[in-house]
file input10.cif (mmCIF, C-alpha atoms)
data_model
#
loop_
_atom_site.label_atom_id
_atom_site.label_comp_id
_atom_site.auth_asym_id
_atom_site.auth_seq_id
_atom_site.Cartn_x
_atom_site.Cartn_y
_atom_site.Cartn_z
CA MET A 273 -6.22 35.81 6.31
CA LEU A 274 -9.13 37.79 4.94
CA ASN A 275 -11.41 37.39 7.90
CA ASN A 276 -9.88 37.93 11.33
CA TRP A 277 -13.15 38.29 13.17
CA ASN A 278 -15.01 35.85 15.36
CA ASP A 279 -18.64 35.53 16.34
CA THR A 280 -18.39 36.89 19.87
CA ALA A 281 -19.29 40.50 19.15
CA PRO A 282 -19.96 42.96 16.34
CA ILE A 283 -16.85 43.65 14.28
CA TYR A 284 -16.57 47.26 15.46
CA ARG A 285 -16.49 46.04 19.08
CA GLN A 286 -13.78 43.53 18.25
CA LEU A 287 -11.71 46.23 16.55
CA ALA A 288 -12.23 48.57 19.53
CA GLN A 289 -10.99 45.80 21.84
CA GLN A 290 -7.90 45.20 19.69
CA LEU A 291 -7.09 48.91 19.62
CA ALA A 292 -7.64 49.14 23.39
CA GLY A 293 -5.20 46.25 23.85
CA GLN A 294 -2.61 48.19 21.86
CA LEU A 295 -3.22 51.36 23.92
CA LEU A 296 -2.52 49.30 27.02
CA ASP A 297 0.87 48.43 25.48
CA GLY A 298 1.49 52.14 24.89
CA GLU A 299 0.76 52.13 21.17
CA PRO A 300 0.24 54.96 20.66
CA LYS A 301 1.23 56.65 23.91
CA GLU A 302 -1.00 59.10 25.80
CA GLY A 303 -1.25 62.46 24.06
CA GLN A 304 -0.18 60.91 20.74
CA PRO A 305 -2.39 60.71 17.62
CA MET A 306 -4.14 57.50 16.54
CA PRO A 307 -3.65 56.24 12.98
CA SER A 308 -6.25 57.74 10.62
CA VAL A 309 -9.52 56.02 9.77
CA ARG A 310 -8.18 55.26 6.30
CA GLN A 311 -4.97 53.75 7.63
CA LEU A 312 -6.89 51.51 10.01
CA ALA A 313 -9.43 50.59 7.32
CA GLN A 314 -6.67 49.42 5.02
CA GLN A 315 -4.69 47.67 7.73
CA TYR A 316 -7.66 45.66 8.99
CA LEU A 317 -9.54 45.49 5.64
CA ILE A 318 -12.67 46.95 7.16
CA ASN A 319 -14.90 49.62 5.72
CA PRO A 320 -14.17 53.12 7.09
CA LEU A 321 -17.61 53.44 8.71
CA THR A 322 -16.92 50.45 10.94
CA VAL A 323 -13.52 51.90 11.87
CA SER A 324 -15.18 55.19 12.79
CA ARG A 325 -17.66 53.33 14.98
CA ALA A 326 -14.83 51.54 16.78
CA LEU A 327 -12.97 54.82 17.38
CA GLN A 328 -16.17 56.50 18.53
CA SER A 329 -16.78 53.77 21.10
CA LEU A 330 -13.26 54.41 22.48
CA VAL A 331 -14.13 58.12 22.61
CA ASP A 332 -17.32 57.30 24.52
CA GLU A 333 -15.27 55.32 27.02
CA GLY A 334 -12.89 58.27 27.42
CA PHE A 335 -9.77 56.63 25.99
CA LEU A 336 -9.60 58.80 22.86
CA GLU A 337 -10.54 62.40 22.13
CA PRO A 338 -11.18 64.02 18.78
CA ARG A 339 -9.15 67.15 18.07
CA ARG A 340 -10.66 69.40 15.50
CA GLY A 341 -9.06 68.91 12.11
CA LEU A 342 -6.37 66.63 13.50
CA GLY A 343 -8.11 63.32 14.18
CA MET A 344 -8.15 61.17 17.30
CA TYR A 345 -5.69 61.46 20.18
CA VAL A 346 -5.07 59.20 23.14
CA THR A 347 -6.33 60.95 26.28
CA GLU A 348 -4.19 61.61 29.33
CA GLY A 349 -4.68 58.86 31.87
CA ALA A 350 -6.15 56.52 29.23
CA ARG A 351 -3.67 53.75 30.00
CA HIS A 352 -4.36 53.80 33.71
CA ARG A 353 -8.12 53.75 33.19
CA LEU A 354 -7.86 51.01 30.59
CA MET A 355 -5.80 48.94 32.98
CA GLN A 356 -8.43 49.48 35.65
CA SER A 357 -11.28 48.48 33.39
CA GLU A 358 -9.39 45.42 32.07
CA ARG A 359 -8.65 44.36 35.66
CA ASP A 360 -12.28 44.77 36.63
CA SER A 361 -13.50 42.73 33.71
CA PHE A 362 -10.89 40.02 34.34
CA LEU A 363 -11.93 39.72 37.98
CA ARG A 364 -15.61 39.80 37.09
CA GLU A 365 -15.69 37.53 34.03
CA GLU A 366 -12.53 35.51 33.54
CA TRP A 367 -11.39 34.86 37.09
CA PRO A 368 -14.51 32.95 38.29
CA VAL A 369 -14.16 30.61 35.29
CA LEU A 370 -10.44 30.17 35.85
CA ARG A 371 -10.92 29.65 39.60
CA GLU A 372 -13.53 26.98 38.93
CA ARG A 373 -11.17 25.18 36.55
CA LEU A 374 -8.27 25.35 39.03
CA ARG A 375 -10.52 23.89 41.73
CA ARG A 376 -11.64 21.08 39.49
CA LEU A 377 -8.04 20.25 38.68
CA GLY A 378 -7.06 20.54 42.36
CA LEU A 379 -4.46 23.20 41.64
CA THR A 380 -3.52 25.77 44.25
CA GLY A 381 -1.35 28.88 44.14
CA LYS A 382 1.81 26.98 44.99
CA ASP A 383 1.39 24.58 42.05
CA LEU A 384 1.60 27.45 39.60
CA ASN A 385 4.80 28.83 38.18
CA TRP A 386 4.66 32.58 38.83
CA GLU A 387 8.01 33.27 37.16
CA ASN A 388 8.71 33.10 33.47
CA ALA A 389 9.40 29.57 32.28
CA MET B 896 -28.63 68.02 -5.15
CA MET B 897 -28.85 64.32 -5.89
CA GLU B 898 -29.62 62.39 -2.73
CA ASN B 899 -28.95 58.82 -3.78
CA LEU B 900 -26.49 57.47 -6.30
CA ILE B 901 -28.94 54.72 -7.18
CA ASP B 902 -32.69 54.84 -6.82
CA ALA B 903 -34.57 51.70 -7.89
CA LYS B 904 -38.32 51.35 -7.53
CA ASN B 905 -40.14 48.15 -8.48
CA VAL B 906 -37.49 47.23 -11.02
CA SER B 907 -38.13 44.03 -12.98
CA LEU B 908 -36.26 42.48 -15.85
CA SER B 909 -37.03 39.35 -17.82
CA TYR B 910 -35.48 37.52 -20.72
CA GLY B 911 -38.18 36.65 -23.25
CA ARG B 912 -41.29 35.25 -21.63
CA SER B 913 -39.50 33.10 -19.11
CA LYS B 914 -39.50 33.96 -15.45
CA LYS B 915 -38.12 37.23 -14.24
CA ALA B 916 -34.36 37.56 -13.73
CA VAL B 917 -34.98 40.57 -11.50
CA ASP B 918 -38.35 40.63 -9.82
CA ASP B 919 -39.82 43.84 -8.35
CA VAL B 920 -36.63 45.08 -6.71
CA SER B 921 -36.55 48.40 -4.83
CA PHE B 922 -33.57 49.92 -3.06
CA THR B 923 -31.52 53.09 -2.76
CA LEU B 924 -27.76 53.48 -2.59
CA PRO B 925 -26.50 56.64 -0.85
CA LYS B 926 -22.97 58.01 -1.02
CA GLY B 927 -20.09 56.70 1.06
CA ARG B 928 -21.31 53.10 1.25
CA VAL B 929 -19.77 49.73 0.44
CA VAL B 930 -22.67 47.56 -0.60
CA GLY B 931 -22.45 43.82 -1.14
CA LEU B 932 -24.82 42.29 -3.69
CA LEU B 933 -25.08 38.67 -2.63
CA GLY B 934 -26.83 35.76 -4.27
CA HIS B 935 -26.30 32.29 -5.66
CA ASN B 936 -25.48 31.77 -9.31
CA GLY B 937 -28.53 32.75 -11.35
CA ALA B 938 -30.05 34.85 -8.57
CA GLY B 939 -30.07 37.93 -10.81
CA LYS B 940 -26.94 39.78 -9.66
CA THR B 941 -25.44 40.26 -13.11
CA SER B 942 -28.80 41.16 -14.67
CA LEU B 943 -29.39 43.82 -12.03
CA MET B 944 -25.90 45.27 -12.53
CA LYS B 945 -26.37 45.36 -16.30
CA ALA B 946 -29.63 47.22 -15.79
CA LEU B 947 -27.86 49.74 -13.55
CA VAL B 948 -25.40 50.63 -16.29
CA GLY B 949 -28.07 50.69 -19.00
CA LEU B 950 -27.11 47.46 -20.74
CA LYS B 951 -30.55 45.97 -20.06
CA GLY B 952 -33.89 47.74 -20.16
CA VAL B 953 -36.20 47.33 -17.19
CA ALA B 954 -39.77 47.76 -16.11
CA GLY B 955 -40.17 50.06 -13.14
CA SER B 956 -38.31 53.21 -12.23
CA LEU B 957 -34.52 53.28 -12.16
CA THR B 958 -32.26 56.29 -11.65
CA VAL B 959 -28.47 56.03 -11.50
CA LEU B 960 -26.43 59.19 -10.81
CA GLY B 961 -29.56 61.15 -11.61
CA ARG B 962 -29.90 59.56 -15.06
CA ASP B 963 -32.14 57.03 -16.74
CA PRO B 964 -29.60 54.29 -17.54
CA ALA B 965 -31.31 52.87 -20.62
CA ALA B 966 -31.94 56.27 -22.20
CA GLN B 967 -28.61 57.88 -21.28
CA ARG B 968 -26.27 54.92 -21.32
CA SER B 969 -23.27 56.41 -23.11
CA GLN B 970 -23.30 59.45 -20.85
CA LEU B 971 -23.71 57.30 -17.75
CA LEU B 972 -20.82 55.01 -18.69
CA THR B 973 -18.43 57.97 -18.56
CA GLU B 974 -19.64 58.85 -15.07
CA LEU B 975 -19.21 55.57 -13.25
CA SER B 976 -16.60 52.86 -12.85
CA TYR B 977 -17.74 49.42 -13.92
CA ILE B 978 -16.13 45.99 -14.13
CA PRO B 979 -18.56 43.57 -15.83
CA ASP B 980 -18.63 39.85 -15.04
CA VAL B 981 -16.99 38.99 -18.35
CA ALA B 982 -14.26 41.63 -18.00
CA VAL B 983 -11.27 41.15 -20.27
CA LEU B 984 -8.37 43.40 -21.12
CA PRO B 985 -6.83 43.04 -24.58
CA ARG B 986 -4.06 40.45 -24.28
CA TRP B 987 -1.72 42.10 -26.77
CA ALA B 988 -1.69 45.50 -25.04
CA ARG B 989 0.91 46.91 -22.68
CA VAL B 990 -0.35 48.51 -19.46
CA SER B 991 0.86 51.92 -20.67
CA GLU B 992 -1.15 51.46 -23.88
CA LEU B 993 -4.28 50.65 -21.86
CA ILE B 994 -3.82 53.93 -20.02
CA THR B 995 -3.60 55.78 -23.35
CA LEU B 996 -6.67 53.90 -24.58
CA MET B 997 -8.67 54.81 -21.46
CA SER B 998 -7.65 58.47 -21.81
CA GLY B 999 -9.26 58.46 -25.25
CA LEU B 1000 -12.43 56.67 -24.16
CA GLN B 1001 -13.11 58.21 -20.79
CA PRO B 1002 -13.27 62.00 -20.39
CA ASN B 1003 -13.13 61.66 -16.59
CA PHE B 1004 -10.09 59.37 -16.58
CA SER B 1005 -6.80 60.54 -15.04
CA PRO B 1006 -3.67 58.89 -16.55
CA GLU B 1007 -1.50 60.16 -13.67
CA ARG B 1008 -3.83 58.60 -11.13
CA ALA B 1009 -3.82 55.31 -13.06
CA ARG B 1010 -0.01 55.23 -13.12
CA GLN B 1011 0.05 55.99 -9.40
CA LEU B 1012 -2.36 53.10 -8.72
CA ILE B 1013 -0.39 50.71 -10.93
CA ARG B 1014 2.70 51.51 -8.87
CA ARG B 1015 0.95 49.97 -5.85
CA THR B 1016 0.97 46.63 -7.65
CA SER B 1017 3.81 44.42 -8.82
CA VAL B 1018 2.86 45.17 -12.44
CA GLY B 1019 5.10 47.36 -14.62
CA LEU B 1020 3.81 49.91 -17.14
CA ASN B 1021 5.61 48.09 -19.93
CA ASP B 1022 4.22 44.66 -19.07
CA LYS B 1023 1.94 43.08 -21.64
CA VAL B 1024 -1.43 41.83 -20.41
CA LYS B 1025 -0.75 38.33 -21.75
CA THR B 1026 2.30 37.96 -19.48
CA LEU B 1027 0.32 38.80 -16.32
CA SER B 1028 -1.35 36.39 -13.93
CA LYS B 1029 -5.11 36.50 -13.56
CA GLY B 1030 -4.77 38.25 -10.22
CA MET B 1031 -2.51 40.93 -11.70
CA VAL B 1032 -4.88 41.54 -14.62
CA VAL B 1033 -7.75 42.16 -12.21
CA GLN B 1034 -5.59 44.57 -10.19
CA VAL B 1035 -4.71 46.46 -13.39
CA HIS B 1036 -8.39 46.59 -14.27
CA LEU B 1037 -9.27 47.99 -10.85
CA ALA B 1038 -6.46 50.56 -11.11
CA LEU B 1039 -7.80 51.68 -14.51
CA ILE B 1040 -11.40 52.16 -13.40
CA ALA B 1041 -10.46 53.62 -10.00
CA ALA B 1042 -8.65 56.35 -11.96
CA ILE B 1043 -11.99 57.54 -13.31
CA ASP B 1044 -13.27 60.52 -11.35
CA ALA B 1045 -16.64 59.00 -10.44
CA LYS B 1046 -18.97 58.69 -7.50
CA LEU B 1047 -20.04 55.11 -8.07
CA MET B 1048 -18.18 51.87 -8.78
CA ILE B 1049 -19.98 48.71 -9.86
CA LEU B 1050 -18.03 45.46 -9.64
CA ASP B 1051 -19.53 42.19 -10.86
CA GLU B 1052 -17.75 39.25 -9.19
CA PRO B 1053 -14.34 40.94 -9.53
CA THR B 1054 -12.42 38.41 -7.46
CA LEU B 1055 -13.86 35.24 -8.99
CA GLY B 1056 -11.12 32.70 -9.62
CA LEU B 1057 -8.39 34.69 -7.87
CA ASP B 1058 -6.13 33.20 -5.21
CA VAL B 1059 -6.25 34.55 -1.67
CA ILE B 1060 -3.22 36.85 -2.05
CA SER B 1061 -4.68 38.48 -5.15
CA ARG B 1062 -8.07 38.87 -3.50
CA LYS B 1063 -6.45 40.56 -0.52
CA GLY B 1064 -4.51 42.91 -2.80
CA PHE B 1065 -7.71 43.74 -4.64
CA TYR B 1066 -9.67 44.57 -1.48
CA GLU B 1067 -6.74 46.60 -0.11
CA MET B 1068 -6.67 48.78 -3.21
CA LEU B 1069 -10.44 49.16 -3.12
CA ILE B 1070 -10.57 50.25 0.53
CA ASP B 1071 -7.47 52.40 0.36
CA GLU B 1072 -7.88 54.10 -2.99
CA TRP B 1073 -11.61 54.26 -3.54
CA CYS B 1074 -13.55 54.33 -0.29
CA ASP B 1075 -13.23 57.90 0.96
CA GLY B 1076 -16.60 58.30 2.65
CA GLU B 1077 -18.04 60.05 -0.43
CA ARG B 1078 -17.76 57.50 -3.21
CA SER B 1079 -19.75 54.28 -3.11
CA VAL B 1080 -19.20 50.82 -4.46
CA LEU B 1081 -21.64 48.05 -5.27
CA ILE B 1082 -19.84 44.71 -5.38
CA SER B 1083 -21.35 41.33 -6.18
CA THR B 1084 -19.81 38.15 -4.89
CA HIS B 1085 -20.55 34.82 -3.36
CA GLN B 1086 -17.37 34.83 -1.29
CA VAL B 1087 -19.53 36.11 1.51
CA GLU B 1088 -17.38 35.42 4.56
CA GLU B 1089 -14.32 37.33 3.47
CA ILE B 1090 -16.16 40.42 2.32
CA GLU B 1091 -18.35 40.90 5.38
CA ALA B 1092 -16.01 43.29 7.19
CA LEU B 1093 -15.64 45.43 4.07
CA LEU B 1094 -19.34 46.10 3.74
CA THR B 1095 -21.53 48.81 5.18
CA ASP B 1096 -24.70 47.36 3.66
CA VAL B 1097 -25.95 44.19 2.10
CA LEU B 1098 -28.44 43.44 -0.66
CA MET B 1099 -29.40 39.78 -0.97
CA LEU B 1100 -31.04 38.41 -4.09
CA ASP B 1101 -32.78 35.07 -4.33
CA GLU B 1102 -34.35 34.03 -7.61
CA GLY B 1103 -34.60 37.65 -8.72
CA LYS B 1104 -36.23 38.87 -5.51
CA LEU B 1105 -34.57 41.12 -2.98
CA VAL B 1106 -34.76 39.09 0.24
CA LEU B 1107 -32.62 41.38 2.38
CA ASN B 1108 -31.69 45.03 2.20
CA LEU B 1109 -30.12 46.49 5.29
CA SER B 1110 -27.00 47.92 6.86
CA LEU B 1111 -24.59 45.66 8.71
CA GLU B 1112 -25.27 47.82 11.75
CA ALA B 1113 -28.99 47.07 11.56
CA MET B 1114 -28.22 43.40 10.93
CA GLU B 1115 -26.41 43.22 14.27
CA SER B 1116 -29.46 44.30 16.18
CA ARG B 1117 -32.13 42.58 14.09
CA PHE B 1118 -30.80 39.03 13.72
CA ILE B 1119 -29.84 37.11 16.82
CA ALA B 1120 -28.16 33.75 17.02
CA LEU B 1121 -28.42 31.46 20.00
CA ALA B 1122 -26.01 28.62 20.76
CA HIS B 1123 -27.63 25.93 22.88
CA ASP B 1124 -27.11 22.46 24.29
CA PRO B 1125 -28.27 19.51 22.15
CA GLU B 1126 -30.94 18.69 24.78
CA ALA B 1127 -32.66 22.02 24.06
CA ALA B 1128 -32.98 21.27 20.33
CA ASP B 1129 -36.70 20.38 20.35
CA GLU B 1130 -37.60 23.41 22.40
CA VAL B 1131 -35.65 25.65 20.03
CA ALA B 1132 -37.17 24.06 16.94
CA ARG B 1133 -40.68 24.78 18.23
CA ALA B 1134 -39.88 28.50 18.17
CA HIS B 1135 -39.36 28.27 14.37
CA PRO B 1136 -35.98 29.93 13.93
CA LEU B 1137 -34.90 31.03 10.43
CA LEU B 1138 -32.12 28.49 10.45
CA ARG B 1139 -30.70 25.76 12.64
CA TYR B 1140 -27.03 24.98 12.24
CA ARG B 1141 -23.79 24.58 14.13
CA SER B 1142 -21.89 27.51 15.57
CA MET B 1143 -18.12 27.94 15.30
CA GLY B 1144 -17.52 25.95 18.46
CA GLY B 1145 -19.61 23.06 17.11
CA LYS B 1146 -22.57 23.68 19.39
CA PRO B 1147 -26.07 23.55 17.90
CA ALA B 1148 -27.28 27.03 17.08
CA ALA B 1149 -30.40 28.76 15.85
CA LEU B 1150 -30.81 32.01 14.00
CA PHE B 1151 -33.78 34.26 14.76
CA ASP B 1152 -35.19 37.28 12.97
CA GLY B 1153 -35.69 39.45 16.04
CA VAL B 1154 -35.40 38.61 19.69
CA PRO B 1155 -35.90 34.92 20.45
CA PRO B 1156 -38.65 34.02 22.96
CA ALA B 1157 -37.59 34.71 26.53
CA HIS B 1158 -37.79 31.08 27.65
CA LEU B 1159 -35.23 30.17 24.96
CA GLU B 1160 -32.75 32.82 25.98
CA GLN B 1161 -32.24 30.87 29.20
CA LEU B 1162 -31.42 27.71 27.28
CA GLY B 1163 -28.65 29.24 25.24
CA GLN B 1164 -26.13 31.93 24.69
CA ARG B 1165 -26.41 34.76 22.20
CA PHE B 1166 -23.68 35.25 19.64
CA ARG B 1167 -23.11 37.29 16.49
CA PRO B 1168 -24.58 35.56 13.43
CA SER B 1169 -22.27 35.88 10.46
CA LEU B 1170 -23.37 37.13 7.09
CA VAL B 1171 -22.82 33.62 5.71
CA ASP B 1172 -25.30 32.13 8.17
CA LEU B 1173 -27.81 34.77 7.23
CA PHE B 1174 -27.14 34.18 3.55
CA VAL B 1175 -27.81 30.47 3.92
CA ALA B 1176 -30.94 31.12 6.00
CA LEU B 1177 -32.47 33.55 3.53
CA THR B 1178 -31.48 32.02 0.21
CA ARG B 1179 -31.45 28.37 1.09
CA LYS B 1180 -31.71 26.11 -1.90
CA PRO B 1181 -32.90 22.55 -1.46
CA GLU B 1182 -29.40 21.18 -2.00
CA LEU B 1183 -28.11 23.39 0.82
CA ALA B 1184 -30.68 22.21 3.33
CA PRO B 1185 -29.05 20.80 6.44
CA ARG B 1186 -28.61 17.04 6.38
CA ALA B 1187 -30.92 15.55 8.94
#
call {"tool": "encode", "arguments": {"input": "input10.cif", "output": "structure tokens"}}
result
Amino acid sequence: MLNNWNDTAPIYRQLAQQLAGQLLDGEPKEGQPMPSVRQLAQQYLINPLTVSRALQSLVDEGFLEPRRGLGMYVTEGARHRLMQSERDSFLREEWPVLRERLRRLGLTGKDLNWENA
Amino acid sequence: MMENLIDAKNVSLSYGRSKKAVDDVSFTLPKGRVVGLLGHNGAGKTSLMKALVGLKGVAGSLTVLGRDPAAQRSQLLTELSYIPDVAVLPRWARVSELITLMSGLQPNFSPERARQLIRRTSVGLNDKVKTLSKGMVVQVHLALIAAIDAKLMILDEPTLGLDVISRKGFYEMLIDEWCDGERSVLISTHQVEEIEALLTDVLMLDEGKLVLNLSLEAMESRFIALAHDPEAADEVARAHPLLRYRSMGGKPAALFDGVPPAHLEQLGQRFRPSLVDLFVALTRKPELAPRA
């Protein structure tokens, strides 16, 4: 409850990934403002410096842009580019592991339920 | 303009002739930081905090908010927010009376701000301290000292003995109402895991000595943990890591100060060492040594 972080990456990276996941779901939408550093700090119980680092890394990746005096905004096209980068990383990192597991279990495409349960 | 809120150089403190409670400690605390003071019981946390607010004299050079704490204690105490380890609020008093009391004692105290902070909690202004739970009392205490217009807050084990909901409420108020990028807080605790994400920096005391003083950002790049297969254990041990333990997934792991030797990197997988692991590695007492 007080510690939602794991040991895979620095906390600011984990926060950046969570925020990126929300951007992918359209929260907030492109062109809309992000919550303030203070709001995020309180929501996630993280010090404001770490929140700023997480936001800055999303700026560096082009998903957010600072507007003078107004805070961070979601850039135009952020969702599309996020989707692209998530797809790339799935195909590069997760898919080979998943494919190997499917092979080991002898499962093929037709064994899998592609519709909702 | 004052650069650091705290400037300590070779600070030592001893009780009588026995060994030093604080032993040659040097550090600075700039503005806008959330600094954790970590250590086992008896490591010197409380002694150091008392020295910072002028309640204990020290050898060495100590400046807090530009003042000499021992010489200018009464002045200093009106300029910072402090919750001592033995904090108590008078049991007979109502919260509103405490606010009146603070207004009389503290020239930099804002009653409006205190009332506003109390409204965040489930405590009413007319409640008497003796009817409140321990968690509520600590929240009231934080609200009272956060209403002082100060640059520095010093909290000695503020959440000791509180349940998880109260601790969360306490940290929420601290982050939301105090940490504004300008003000700093020094907080001692041994609930290391839950405070890690709140901190910008960590000071670690062991038997009076400062064994670690760095930012969490620097910690990420300096200390590296490696999870490895059990078969690699002997190889890893030969590289003398700071600590060998088990990672979250149950795999054997080793913690290194700096980059582990290249031949080991191939035997394992890097992961983020937690502050707790580092705490154990740097302040290990015999009774905490891993069971063979």
call {"tool": "closest_residue", "arguments": {"input": "input10.cif", "among": "A:Gln311, A:Thr347, A:Asn319, A:Ser357", "to": "chain B", "atoms": "only C-alpha atoms"}}
result
A:Asn319
call {"tool": "resolve_selection", "arguments": {"input": "input10.cif", "expression": "the PyMOL selection byres ((chain B and resi 1073-1087) around 7)", "output": "list in words"}}
result
Lys926, Gly927, Arg928, Val929, Val930, Gly931, Leu932, Leu933, Gly934, His935, Lys940, Ala1041, Lys1046, Leu1047, Met1048, Ile1049, Leu1050, Asp1051, Glu1052, Leu1069, Ile1070, Asp1071, Glu1072, Glu1088, Glu1089, Ile1090, Glu1091, Leu1170 and Val1171 of chain B
call {"tool": "write_last_selection", "arguments": {"input": "input10.cif", "atoms": "C-alpha atoms", "output": "PDB file, keeping the file's coordinate frame"}}
result
ATOM      1  CA  LYS B 926     -22.970  58.010  -1.020  1.00  0.00           C
ATOM      2  CA  GLY B 927     -20.090  56.700   1.060  1.00  0.00           C
ATOM      3  CA  ARG B 928     -21.310  53.100   1.250  1.00  0.00           C
ATOM      4  CA  VAL B 929     -19.770  49.730   0.440  1.00  0.00           C
ATOM      5  CA  VAL B 930     -22.670  47.560  -0.600  1.00  0.00           C
ATOM      6  CA  GLY B 931     -22.450  43.820  -1.140  1.00  0.00           C
ATOM      7  CA  LEU B 932     -24.820  42.290  -3.690  1.00  0.00           C
ATOM      8  CA  LEU B 933     -25.080  38.670  -2.630  1.00  0.00           C
ATOM      9  CA  GLY B 934     -26.830  35.760  -4.270  1.00  0.00           C
ATOM     10  CA  HIS B 935     -26.300  32.290  -5.660  1.00  0.00           C
ATOM     11  CA  LYS B 940     -26.940  39.780  -9.660  1.00  0.00           C
ATOM     12  CA  ALA B1041     -10.460  53.620 -10.000  1.00  0.00           C
ATOM     13  CA  LYS B1046     -18.970  58.690  -7.500  1.00  0.00           C
ATOM     14  CA  LEU B1047     -20.040  55.110  -8.070  1.00  0.00           C
ATOM     15  CA  MET B1048     -18.180  51.870  -8.780  1.00  0.00           C
ATOM     16  CA  ILE B1049     -19.980  48.710  -9.860  1.00  0.00           C
ATOM     17  CA  LEU B1050     -18.030  45.460  -9.640  1.00  0.00           C
ATOM     18  CA  ASP B1051     -19.530  42.190 -10.860  1.00  0.00           C
ATOM     19  CA  GLU B1052     -17.750  39.250  -9.190  1.00  0.00           C
ATOM     20  CA  LEU B1069     -10.440  49.160  -3.120  1.00  0.00           C
ATOM     21  CA  ILE B1070     -10.570  50.250   0.530  1.00  0.00           C
ATOM     22  CA  ASP B1071      -7.470  52.400   0.360  1.00  0.00           C
ATOM     23  CA  GLU B1072      -7.880  54.100  -2.990  1.00  0.00           C
ATOM     24  CA  GLU B1088     -17.380  35.420   4.560  1.00  0.00           C
ATOM     25  CA  GLU B1089     -14.320  37.330   3.470  1.00  0.00           C
ATOM     26  CA  ILE B1090     -16.160  40.420   2.320  1.00  0.00           C
ATOM     27  CA  GLU B1091     -18.350  40.900   5.380  1.00  0.00           C
ATOM     28  CA  LEU B1170     -23.370  37.130   7.090  1.00  0.00           C
ATOM     29  CA  VAL B1171     -22.820  33.620   5.710  1.00  0.00           C
TER      30      VAL B1171
END
call {"tool": "resolve_selection", "arguments": {"input": "input10.cif", "expression": "the PyMOL selection byres ((chain B) within 7 of (chain A))", "output": "PyMOL selection string"}}
result
chain B and resi 1063+1067+1070-1071+1089+1092-1095+1115+1166-1169
call {"tool": "atom_distance", "arguments": {"input": "input10.cif", "atom1": "CA of Ala966 in chain B", "atom2": "CA of Leu947 in chain B"}}
result
11.6 Å
call {"tool": "atom_distance", "arguments": {"input": "input10.cif", "atom1": "CA of Ala1127 in chain B", "atom2": "CA of Leu1162 in chain B"}}
result
6.7 Å
call {"tool": "closest_residue", "arguments": {"input": "input10.cif", "among": "B:Gln1164, B:Ser956, B:Thr1026, B:Ser907", "to": "Gly1103 in chain B", "atoms": "all atoms listed in the file"}}
result
B:Ser907
call {"tool": "resolve_selection", "arguments": {"input": "input10.cif", "expression": "the PyMOL selection byres ((chain A and resi 337) around 10)", "output": "JSON, numbers by chain"}}
result
{"A": [303, 305, 306, 327, 328, 330, 331, 332, 333, 334, 335, 336, 338, 339, 340, 343, 344, 345, 346, 347, 348]}
call {"tool": "closest_residue", "arguments": {"input": "input10.cif", "among": "B:Pro979, B:Gly937, B:Gly961, B:Gly1064", "to": "Ser1017 in chain B", "atoms": "only C-alpha atoms"}}
result
B:Gly1064
call {"tool": "atom_distance", "arguments": {"input": "input10.cif", "atom1": "CA of Leu984 in chain B", "atom2": "CA of Ser1028 in chain B"}}
result
12.3 Å
call {"tool": "residues_around", "arguments": {"input": "input10.cif", "residues": "range 1018-1024 of chain B", "least_positions_apart": "3", "cutoff": "12 Å", "atoms": "only C-alpha atoms", "output": "PDB file with C-alpha atoms, in the coordinates of the input"}}
result
ATOM      1  CA  VAL B 983     -11.270  41.150 -20.270  1.00  0.00           C
ATOM      2  CA  LEU B 984      -8.370  43.400 -21.120  1.00  0.00           C
ATOM      3  CA  PRO B 985      -6.830  43.040 -24.580  1.00  0.00           C
ATOM      4  CA  ARG B 986      -4.060  40.450 -24.280  1.00  0.00           C
ATOM      5  CA  TRP B 987      -1.720  42.100 -26.770  1.00  0.00           C
ATOM      6  CA  ALA B 988      -1.690  45.500 -25.040  1.00  0.00           C
ATOM      7  CA  ARG B 989       0.910  46.910 -22.680  1.00  0.00           C
ATOM      8  CA  VAL B 990      -0.350  48.510 -19.460  1.00  0.00           C
ATOM      9  CA  SER B 991       0.860  51.920 -20.670  1.00  0.00           C
ATOM     10  CA  GLU B 992      -1.150  51.460 -23.880  1.00  0.00           C
ATOM     11  CA  LEU B 993      -4.280  50.650 -21.860  1.00  0.00           C
ATOM     12  CA  ILE B 994      -3.820  53.930 -20.020  1.00  0.00           C
ATOM     13  CA  THR B 995      -3.600  55.780 -23.350  1.00  0.00           C
ATOM     14  CA  PRO B1006      -3.670  58.890 -16.550  1.00  0.00           C
ATOM     15  CA  ALA B1009      -3.820  55.310 -13.060  1.00  0.00           C
ATOM     16  CA  ARG B1010      -0.010  55.230 -13.120  1.00  0.00           C
ATOM     17  CA  GLN B1011       0.050  55.990  -9.400  1.00  0.00           C
ATOM     18  CA  LEU B1012      -2.360  53.100  -8.720  1.00  0.00           C
ATOM     19  CA  ILE B1013      -0.390  50.710 -10.930  1.00  0.00           C
ATOM     20  CA  ARG B1014       2.700  51.510  -8.870  1.00  0.00           C
ATOM     21  CA  ARG B1015       0.950  49.970  -5.850  1.00  0.00           C
ATOM     22  CA  LEU B1027       0.320  38.800 -16.320  1.00  0.00           C
ATOM     23  CA  SER B1028      -1.350  36.390 -13.930  1.00  0.00           C
ATOM     24  CA  LYS B1029      -5.110  36.500 -13.560  1.00  0.00           C
ATOM     25  CA  GLY B1030      -4.770  38.250 -10.220  1.00  0.00           C
ATOM     26  CA  MET B1031      -2.510  40.930 -11.700  1.00  0.00           C
ATOM     27  CA  VAL B1032      -4.880  41.540 -14.620  1.00  0.00           C
ATOM     28  CA  VAL B1033      -7.750  42.160 -12.210  1.00  0.00           C
ATOM     29  CA  GLN B1034      -5.590  44.570 -10.190  1.00  0.00           C
ATOM     30  CA  VAL B1035      -4.710  46.460 -13.390  1.00  0.00           C
ATOM     31  CA  HIS B1036      -8.390  46.590 -14.270  1.00  0.00           C
ATOM     32  CA  ALA B1038      -6.460  50.560 -11.110  1.00  0.00           C
TER      33      ALA B1038
END
